[in-house]
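Undergrad: One structure coming up, written as structure tokens, with questions to follow.
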Amino acid sequence: MSQVKFGLIACTQRPPRGEHMDVLVEEIVEEAQQAERHGFGFLPSPLILAAAVAAQTKRLKVGTAVVLLPLYHPIHLAEDAATLDIVSKGRLILGVAGGWATVDFQPFGVALKQRPSRVEEGVEIIKRAWTEERFSFHGKRYQLENVAVTPKPVQQPRPPIWMGGGSPAAIQRTAQIADGWITGAGLDFDTMKTLATAYRGAADGAGKAPFIASLRDSWVAPSMAQAAAEWGGPIMDTIGFYAGLGMRFRLAPLGRFADSPAELTFDNVKANRFVVGSPEDCRAEFERYNREAGVEYFVLRMRHPSGPSHEQTMAAIKLFGEQVIPHFRQ
């Protein structure tokens, strides 16, 4: 088993209309501090929240999982991310992706078909903004002349860039221009294994060392029954939300994609997608992802907009840090 690290993604939604966001921000920071105390290494959040987390932690890697790059001007993102690297004293990992949901793109007037070019040009511009004093860029989407971005990041030559994506074309692009691939939580285990093989081959062809991180929906409790009781409702609320946006879910017990919302049950969806249960259950599943798909970094999505509570999340982070993470440090 190769070295494995764990991170935690913050839940930044407070339904139904975002009431009491001040309380949610306090809870996110507390969960980050709990994660740092109990052996987690990376907590992704939106950039502004990430700055708050960075200011109140010392060792935790801070990053994004993920920024939808086509919806940001790359110079603006390069400036904000460099500032975050400075605030965190060199702890930034920038995670970006092209996105997939039309509803995310419509308010910005960006066409989905522009995603590949905006991602490719955006990553190149960010890299140059971080590493060159001045530069010009003339592409399909962006025209820049004699641009200087200051200050530069703390990390040298620059912070790492991880890229998300779940299609063969996105995998090839990631291998060429990014420092690692981060899989989405919606990607089932069998599909991940296939894409991981393709990614490693493409990275080798590009002369780069492959690196795979994976965002996983995960919850740990003393037993599977307790985990399902605490977390089953909230995770299925999230699954239902994404299904409503058009995401399809392969159901391992049925050997096919779900045909109707009624088939999206906890028991149908959890296999090959969630890492949930007792510490022993979770350890075994993470070992499988590492052994068979080569995942080196797991970013856990524990809390969801409808729950579990902040108190339950704090307890789950503690249990995970005490009974799961040490297993991977032996």
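Labeling convention for the structure tokens: chains A, B, ... as they appear, residues from 1 per chain, ligands from 1 in order of appearance.
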If we count only C-alpha atoms and set the cut-off at 9 Å, which residues sit around range 94-104 of chain A, ignoring sequence neighbours fewer than 4 positions away in its own chain? Please answer as a ChimeraX atom specification.
TA: /A:44,62-71,81,108,111-112,115-116,118-119,123,159-165,170,182,245-247
Undergrad: Could you write out the selected residues, including C-alpha atoms, as an mmCIF file, in the first residue's frame?
TA:
```
data_model
loop_
_atom_site.group_PDB
_atom_site.id
_atom_site.type_symbol
_atom_site.label_atom_id
_atom_site.label_comp_id
_atom_site.auth_asym_id
_atom_site.auth_seq_id
_atom_site.Cartn_x
_atom_site.Cartn_y
_atom_site.Cartn_z
ATOM 1 C CA PRO A 44 -10.731 22.640 0.402
ATOM 2 C CA VAL A 62 -5.750 24.811 2.123
ATOM 3 C CA GLY A 63 -7.212 24.651 -1.323
ATOM 4 C CA THR A 64 -10.153 24.498 -3.684
ATOM 5 C CA ALA A 65 -11.997 21.390 -4.845
ATOM 6 C CA VAL A 66 -12.816 22.764 -7.281
ATOM 7 C CA VAL A 67 -12.977 26.234 -8.838
ATOM 8 C CA LEU A 68 -14.873 26.182 -12.148
ATOM 9 C CA LEU A 69 -12.119 27.817 -14.164
ATOM 10 C CA PRO A 70 -14.196 28.821 -17.241
ATOM 11 C CA LEU A 71 -16.247 31.122 -14.988
ATOM 12 C CA ALA A 81 -4.855 32.376 -5.241
ATOM 13 C CA PHE A 108 -22.138 34.183 -16.529
ATOM 14 C CA ALA A 111 -21.091 28.638 -23.357
ATOM 15 C CA LEU A 112 -20.413 25.055 -22.260
ATOM 16 C CA ARG A 115 -14.863 24.836 -21.513
ATOM 17 C CA PRO A 116 -11.816 23.058 -23.024
ATOM 18 C CA ARG A 118 -10.989 28.278 -21.343
ATOM 19 C CA VAL A 119 -9.454 25.626 -19.088
ATOM 20 C CA VAL A 123 -4.135 27.144 -16.580
ATOM 21 C CA PRO A 159 1.582 26.202 -5.944
ATOM 22 C CA PRO A 160 0.422 22.847 -7.358
ATOM 23 C CA ILE A 161 -2.610 22.774 -9.638
ATOM 24 C CA TRP A 162 -4.968 19.803 -9.476
ATOM 25 C CA MET A 163 -7.602 19.367 -12.164
ATOM 26 C CA GLY A 164 -10.931 17.596 -12.009
ATOM 27 C CA GLY A 165 -12.652 15.818 -14.867
ATOM 28 C CA ALA A 170 -10.511 15.755 -19.681
ATOM 29 C CA ILE A 182 -8.803 14.987 -8.572
ATOM 30 C CA LEU A 245 -29.373 18.631 -12.536
ATOM 31 C CA GLY A 246 -28.891 15.722 -14.907
ATOM 32 C CA MET A 247 -26.094 13.710 -13.270
#
```
Undergrad: Give the alpha helix (DSSP H) residues of range 16-124 of chain A, as DSSP finds them on the backbone, and put them as an NGL selection string.
TA: :A and (21-37 or 47-55 or 74-87 or 102-105 or 115-124)
Undergrad: Next, write the just-selected residues to a file, as a short mmCIF file (atom, residue, chain, number, x, y, z; two decimals), in the first residue's frame, keeping C-alpha atoms as the atom set.
TA:
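Generated file (again04.cif):
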```cif
data_model
loop_
_atom_site.label_atom_id
_atom_site.label_comp_id
_atom_site.auth_asym_id
_atom_site.auth_seq_id
_atom_site.Cartn_x
_atom_site.Cartn_y
_atom_site.Cartn_z
CA MET A 21 -24.16 32.15 7.25
CA ASP A 22 -22.11 33.79 9.99
CA VAL A 23 -22.73 30.71 12.15
CA LEU A 24 -21.86 28.39 9.27
CA VAL A 25 -18.52 30.14 8.73
CA GLU A 26 -17.69 29.72 12.42
CA GLU A 27 -18.56 26.02 12.18
CA ILE A 28 -16.41 25.57 9.07
CA VAL A 29 -13.41 27.07 10.86
CA GLU A 30 -14.03 24.86 13.92
CA GLU A 31 -14.26 21.78 11.69
CA ALA A 32 -11.00 22.79 10.01
CA GLN A 33 -9.30 23.14 13.38
CA GLN A 34 -10.70 19.76 14.42
CA ALA A 35 -9.36 18.26 11.20
CA GLU A 36 -5.92 19.71 11.88
CA ARG A 37 -5.91 18.31 15.43
CA LEU A 47 -11.22 31.08 -1.80
CA ILE A 48 -12.62 33.56 0.74
CA LEU A 49 -13.52 30.87 3.26
CA ALA A 50 -10.17 29.23 2.61
CA ALA A 51 -8.47 32.46 3.66
CA ALA A 52 -10.40 32.38 6.95
CA VAL A 53 -9.37 28.77 7.50
CA ALA A 54 -5.74 29.53 6.60
CA ALA A 55 -5.62 32.37 9.10
CA PRO A 74 -7.51 33.63 -14.97
CA ILE A 75 -5.67 36.82 -13.99
CA HIS A 76 -8.17 37.50 -11.22
CA LEU A 77 -7.96 33.91 -10.02
CA ALA A 78 -4.15 33.97 -10.16
CA GLU A 79 -4.10 37.11 -7.99
CA ASP A 80 -6.58 35.75 -5.43
CA ALA A 81 -4.86 32.38 -5.24
CA ALA A 82 -1.41 33.97 -4.84
CA THR A 83 -2.80 36.05 -1.98
CA LEU A 84 -4.21 32.91 -0.36
CA ASP A 85 -0.82 31.22 -0.66
CA ILE A 86 0.74 34.20 1.11
CA VAL A 87 -1.90 34.22 3.88
CA THR A 102 -25.58 24.27 -17.60
CA VAL A 103 -27.16 26.02 -14.61
CA ASP A 104 -23.68 27.06 -13.42
CA PHE A 105 -22.76 28.67 -16.74
CA ARG A 115 -14.86 24.84 -21.51
CA PRO A 116 -11.82 23.06 -23.02
CA SER A 117 -10.23 26.20 -24.43
CA ARG A 118 -10.99 28.28 -21.34
CA VAL A 119 -9.45 25.63 -19.09
CA GLU A 120 -6.34 25.14 -21.22
CA GLU A 121 -5.70 28.85 -21.65
CA GLY A 122 -6.63 29.62 -18.05
CA VAL A 123 -4.13 27.14 -16.58
CA GLU A 124 -1.34 28.46 -18.79
#
```
Undergrad: Need to verify the contact set: range 2-15 of chain A, 8 Å, only C-alpha atoms, exclusion of same-chain residues closer than 5 positions in sequence. Can you return it as a PDB file with N, CA and C atoms, in the first residue's frame?
TA:
```pdb
ATOM      1  N   HIS A  20     -28.187  32.699   8.477  1.00  0.00           N
ATOM      2  CA  HIS A  20     -27.182  32.450   9.522  1.00  0.00           C
ATOM      3  C   HIS A  20     -25.864  31.940   8.937  1.00  0.00           C
ATOM      4  N   MET A  21     -25.444  32.537   7.839  1.00  0.00           N
ATOM      5  CA  MET A  21     -24.164  32.145   7.246  1.00  0.00           C
ATOM      6  C   MET A  21     -23.000  32.473   8.165  1.00  0.00           C
ATOM      7  N   LEU A  24     -22.459  29.433  10.097  1.00  0.00           N
ATOM      8  CA  LEU A  24     -21.859  28.390   9.269  1.00  0.00           C
ATOM      9  C   LEU A  24     -20.363  28.614   9.090  1.00  0.00           C
ATOM     10  N   VAL A  25     -19.953  29.854   8.890  1.00  0.00           N
ATOM     11  CA  VAL A  25     -18.522  30.137   8.732  1.00  0.00           C
ATOM     12  C   VAL A  25     -17.767  29.768  10.003  1.00  0.00           C
ATOM     13  N   ILE A  28     -17.403  26.041  10.033  1.00  0.00           N
ATOM     14  CA  ILE A  28     -16.408  25.571   9.069  1.00  0.00           C
ATOM     15  C   ILE A  28     -14.999  25.711   9.640  1.00  0.00           C
ATOM     16  N   ALA A  32     -12.361  22.781  10.525  1.00  0.00           N
ATOM     17  CA  ALA A  32     -10.997  22.788  10.009  1.00  0.00           C
ATOM     18  C   ALA A  32      -9.983  22.598  11.132  1.00  0.00           C
ATOM     19  N   ALA A  35     -10.066  19.078  12.186  1.00  0.00           N
ATOM     20  CA  ALA A  35      -9.362  18.259  11.204  1.00  0.00           C
ATOM     21  C   ALA A  35      -7.854  18.346  11.397  1.00  0.00           C
ATOM     22  N   PHE A  40      -5.775  15.302   9.640  1.00  0.00           N
ATOM     23  CA  PHE A  40      -6.082  15.598   8.253  1.00  0.00           C
ATOM     24  C   PHE A  40      -5.060  16.585   7.702  1.00  0.00           C
ATOM     25  N   GLY A  41      -4.893  16.559   6.374  1.00  0.00           N
ATOM     26  CA  GLY A  41      -3.862  17.399   5.795  1.00  0.00           C
ATOM     27  C   GLY A  41      -4.322  18.450   4.839  1.00  0.00           C
ATOM     28  N   PHE A  42      -5.609  18.536   4.503  1.00  0.00           N
ATOM     29  CA  PHE A  42      -6.010  19.396   3.399  1.00  0.00           C
ATOM     30  C   PHE A  42      -7.490  19.680   3.526  1.00  0.00           C
ATOM     31  N   LEU A  43      -7.875  20.942   3.552  1.00  0.00           N
ATOM     32  CA  LEU A  43      -9.282  21.277   3.650  1.00  0.00           C
ATOM     33  C   LEU A  43      -9.655  22.238   2.529  1.00  0.00           C
ATOM     34  N   PRO A  44     -10.372  21.754   1.506  1.00  0.00           N
ATOM     35  CA  PRO A  44     -10.731  22.640   0.402  1.00  0.00           C
ATOM     36  C   PRO A  44     -11.971  23.454   0.728  1.00  0.00           C
ATOM     37  N   SER A  45     -11.958  24.710   0.355  1.00  0.00           N
ATOM     38  CA  SER A  45     -13.079  25.610   0.533  1.00  0.00           C
ATOM     39  C   SER A  45     -13.038  26.645  -0.592  1.00  0.00           C
ATOM     40  N   ALA A  65     -11.649  22.665  -4.215  1.00  0.00           N
ATOM     41  CA  ALA A  65     -11.997  21.390  -4.845  1.00  0.00           C
ATOM     42  C   ALA A  65     -13.455  21.422  -5.309  1.00  0.00           C
ATOM     43  N   ASN A 290      -6.854   2.750  -2.964  1.00  0.00           N
ATOM     44  CA  ASN A 290      -5.421   2.944  -3.113  1.00  0.00           C
ATOM     45  C   ASN A 290      -4.778   1.820  -3.912  1.00  0.00           C
ATOM     46  N   ARG A 291      -5.130   0.597  -3.575  1.00  0.00           N
ATOM     47  CA  ARG A 291      -4.517  -0.575  -4.206  1.00  0.00           C
ATOM     48  C   ARG A 291      -4.933  -0.728  -5.671  1.00  0.00           C
ATOM     49  N   VAL A 295      -5.228   5.741  -5.841  1.00  0.00           N
ATOM     50  CA  VAL A 295      -5.540   7.027  -5.203  1.00  0.00           C
ATOM     51  C   VAL A 295      -4.591   7.252  -4.031  1.00  0.00           C
ATOM     52  N   GLU A 296      -3.954   8.423  -4.012  1.00  0.00           N
ATOM     53  CA  GLU A 296      -2.983   8.747  -2.970  1.00  0.00           C
ATOM     54  C   GLU A 296      -3.522   9.759  -1.963  1.00  0.00           C
ATOM     55  N   TYR A 297      -4.552  10.485  -2.347  1.00  0.00           N
ATOM     56  CA  TYR A 297      -5.078  11.551  -1.497  1.00  0.00           C
ATOM     57  C   TYR A 297      -6.603  11.497  -1.546  1.00  0.00           C
ATOM     58  N   PHE A 298      -7.233  11.351  -0.396  1.00  0.00           N
ATOM     59  CA  PHE A 298      -8.687  11.326  -0.320  1.00  0.00           C
ATOM     60  C   PHE A 298      -9.178  12.625   0.315  1.00  0.00           C
ATOM     61  N   VAL A 299     -10.084  13.281  -0.366  1.00  0.00           N
ATOM     62  CA  VAL A 299     -10.714  14.485   0.164  1.00  0.00           C
ATOM     63  C   VAL A 299     -12.151  14.117   0.508  1.00  0.00           C
ATOM     64  N   LEU A 300     -12.503  14.157   1.787  1.00  0.00           N
ATOM     65  CA  LEU A 300     -13.768  13.627   2.259  1.00  0.00           C
ATOM     66  C   LEU A 300     -14.840  14.709   2.332  1.00  0.00           C
ATOM     67  N   ARG A 301     -16.003  14.396   1.761  1.00  0.00           N
ATOM     68  CA  ARG A 301     -17.165  15.268   1.905  1.00  0.00           C
ATOM     69  C   ARG A 301     -18.083  14.611   2.925  1.00  0.00           C
ATOM     70  N   MET A 302     -17.998  15.063   4.163  1.00  0.00           N
ATOM     71  CA  MET A 302     -18.772  14.474   5.256  1.00  0.00           C
ATOM     72  C   MET A 302     -20.116  15.172   5.441  1.00  0.00           C
ATOM     73  N   ARG A 303     -20.058  16.450   5.664  1.00  0.00           N
ATOM     74  CA  ARG A 303     -21.273  17.213   5.973  1.00  0.00           C
ATOM     75  C   ARG A 303     -21.928  17.705   4.682  1.00  0.00           C
ATOM     76  N   HIS A 304     -23.257  17.704   4.664  1.00  0.00           N
ATOM     77  CA  HIS A 304     -24.033  18.149   3.508  1.00  0.00           C
ATOM     78  C   HIS A 304     -25.008  19.239   3.937  1.00  0.00           C
ATOM     79  N   PRO A 305     -25.622  19.945   2.981  1.00  0.00           N
ATOM     80  CA  PRO A 305     -26.505  21.050   3.371  1.00  0.00           C
ATOM     81  C   PRO A 305     -27.601  20.662   4.354  1.00  0.00           C
ATOM     82  N   SER A 306     -28.122  19.432   4.263  1.00  0.00           N
ATOM     83  CA  SER A 306     -29.196  19.024   5.177  1.00  0.00           C
ATOM     84  C   SER A 306     -28.688  18.238   6.390  1.00  0.00           C
ATOM     85  N   ILE A 325      -7.121   7.229  10.138  1.00  0.00           N
ATOM     86  CA  ILE A 325      -5.862   7.792   9.642  1.00  0.00           C
ATOM     87  C   ILE A 325      -4.632   7.072  10.178  1.00  0.00           C
ATOM     88  N   PHE A 328      -3.065   4.198   8.192  1.00  0.00           N
ATOM     89  CA  PHE A 328      -2.335   4.475   6.957  1.00  0.00           C
ATOM     90  C   PHE A 328      -0.990   5.139   7.214  1.00  0.00           C
ATOM     91  N   ARG A 329      -0.611   5.211   8.476  1.00  0.00           N
ATOM     92  CA  ARG A 329       0.691   5.778   8.819  1.00  0.00           C
ATOM     93  C   ARG A 329       1.634   4.730   9.417  1.00  0.00           C
TER      94      ARG A 329
END
```
Undergrad: Need to verify the contact set: range 221-225 of chain A, 9 Å, only C-alpha atoms, exclusion of same-chain residues closer than 3 positions in sequence. Can you return it as a PyMOL selection string?
TA: chain A and resi 228-230+276-279+281+315-316+319-320
Undergrad: Write out as a PyMOL selection string the set of residues from range 32-182 of chain A that DSSP, computed on the backbone, places in strand (DSSP E or B).
TA: chain A and resi 42-44+61-63+67-68+92-97+135-138+143-147+161-164+180-182
Undergrad: Restricting the output to C-alpha atoms, write the selected residues as an mmCIF file, in the first residue's frame.
TA:
```
data_model
loop_
_atom_site.group_PDB
_atom_site.id
_atom_site.type_symbol
_atom_site.label_atom_id
_atom_site.label_comp_id
_atom_site.auth_asym_id
_atom_site.auth_seq_id
_atom_site.Cartn_x
_atom_site.Cartn_y
_atom_site.Cartn_z
ATOM 1 C CA PHE A 42 -6.010 19.396 3.399
ATOM 2 C CA LEU A 43 -9.282 21.277 3.650
ATOM 3 C CA PRO A 44 -10.731 22.640 0.402
ATOM 4 C CA LYS A 61 -3.108 22.412 3.412
ATOM 5 C CA VAL A 62 -5.750 24.811 2.123
ATOM 6 C CA GLY A 63 -7.212 24.651 -1.323
ATOM 7 C CA VAL A 67 -12.977 26.234 -8.838
ATOM 8 C CA LEU A 68 -14.873 26.182 -12.148
ATOM 9 C CA LEU A 92 -2.231 26.399 -1.136
ATOM 10 C CA ILE A 93 -3.323 23.694 -3.570
ATOM 11 C CA LEU A 94 -5.393 25.146 -6.413
ATOM 12 C CA GLY A 95 -8.022 22.719 -7.677
ATOM 13 C CA VAL A 96 -9.784 23.634 -10.919
ATOM 14 C CA ALA A 97 -12.212 21.971 -13.319
ATOM 15 C CA PHE A 135 4.124 38.239 -20.017
ATOM 16 C CA SER A 136 1.805 38.514 -22.995
ATOM 17 C CA PHE A 137 -0.739 35.934 -24.091
ATOM 18 C CA HIS A 138 -2.758 35.704 -27.298
ATOM 19 C CA GLN A 143 -5.787 38.483 -25.085
ATOM 20 C CA LEU A 144 -3.208 39.842 -22.626
ATOM 21 C CA GLU A 145 -0.439 42.326 -23.277
ATOM 22 C CA ASN A 146 2.546 42.944 -20.992
ATOM 23 C CA VAL A 147 0.768 41.779 -17.833
ATOM 24 C CA ILE A 161 -2.610 22.774 -9.638
ATOM 25 C CA TRP A 162 -4.968 19.803 -9.476
ATOM 26 C CA MET A 163 -7.602 19.367 -12.164
ATOM 27 C CA GLY A 164 -10.931 17.596 -12.009
ATOM 28 C CA GLY A 180 -2.563 15.959 -10.429
ATOM 29 C CA TRP A 181 -6.027 14.608 -11.156
ATOM 30 C CA ILE A 182 -8.803 14.987 -8.572
#
```
Undergrad: Find the spatial neighbours of Met192 in chain A, counting only C-alpha atoms, within a cut-off of 9 Å - ignore same-chain residues fewer than 6 positions away - and output them as a ChimeraX atom specification.
TA: /A:166,183,293
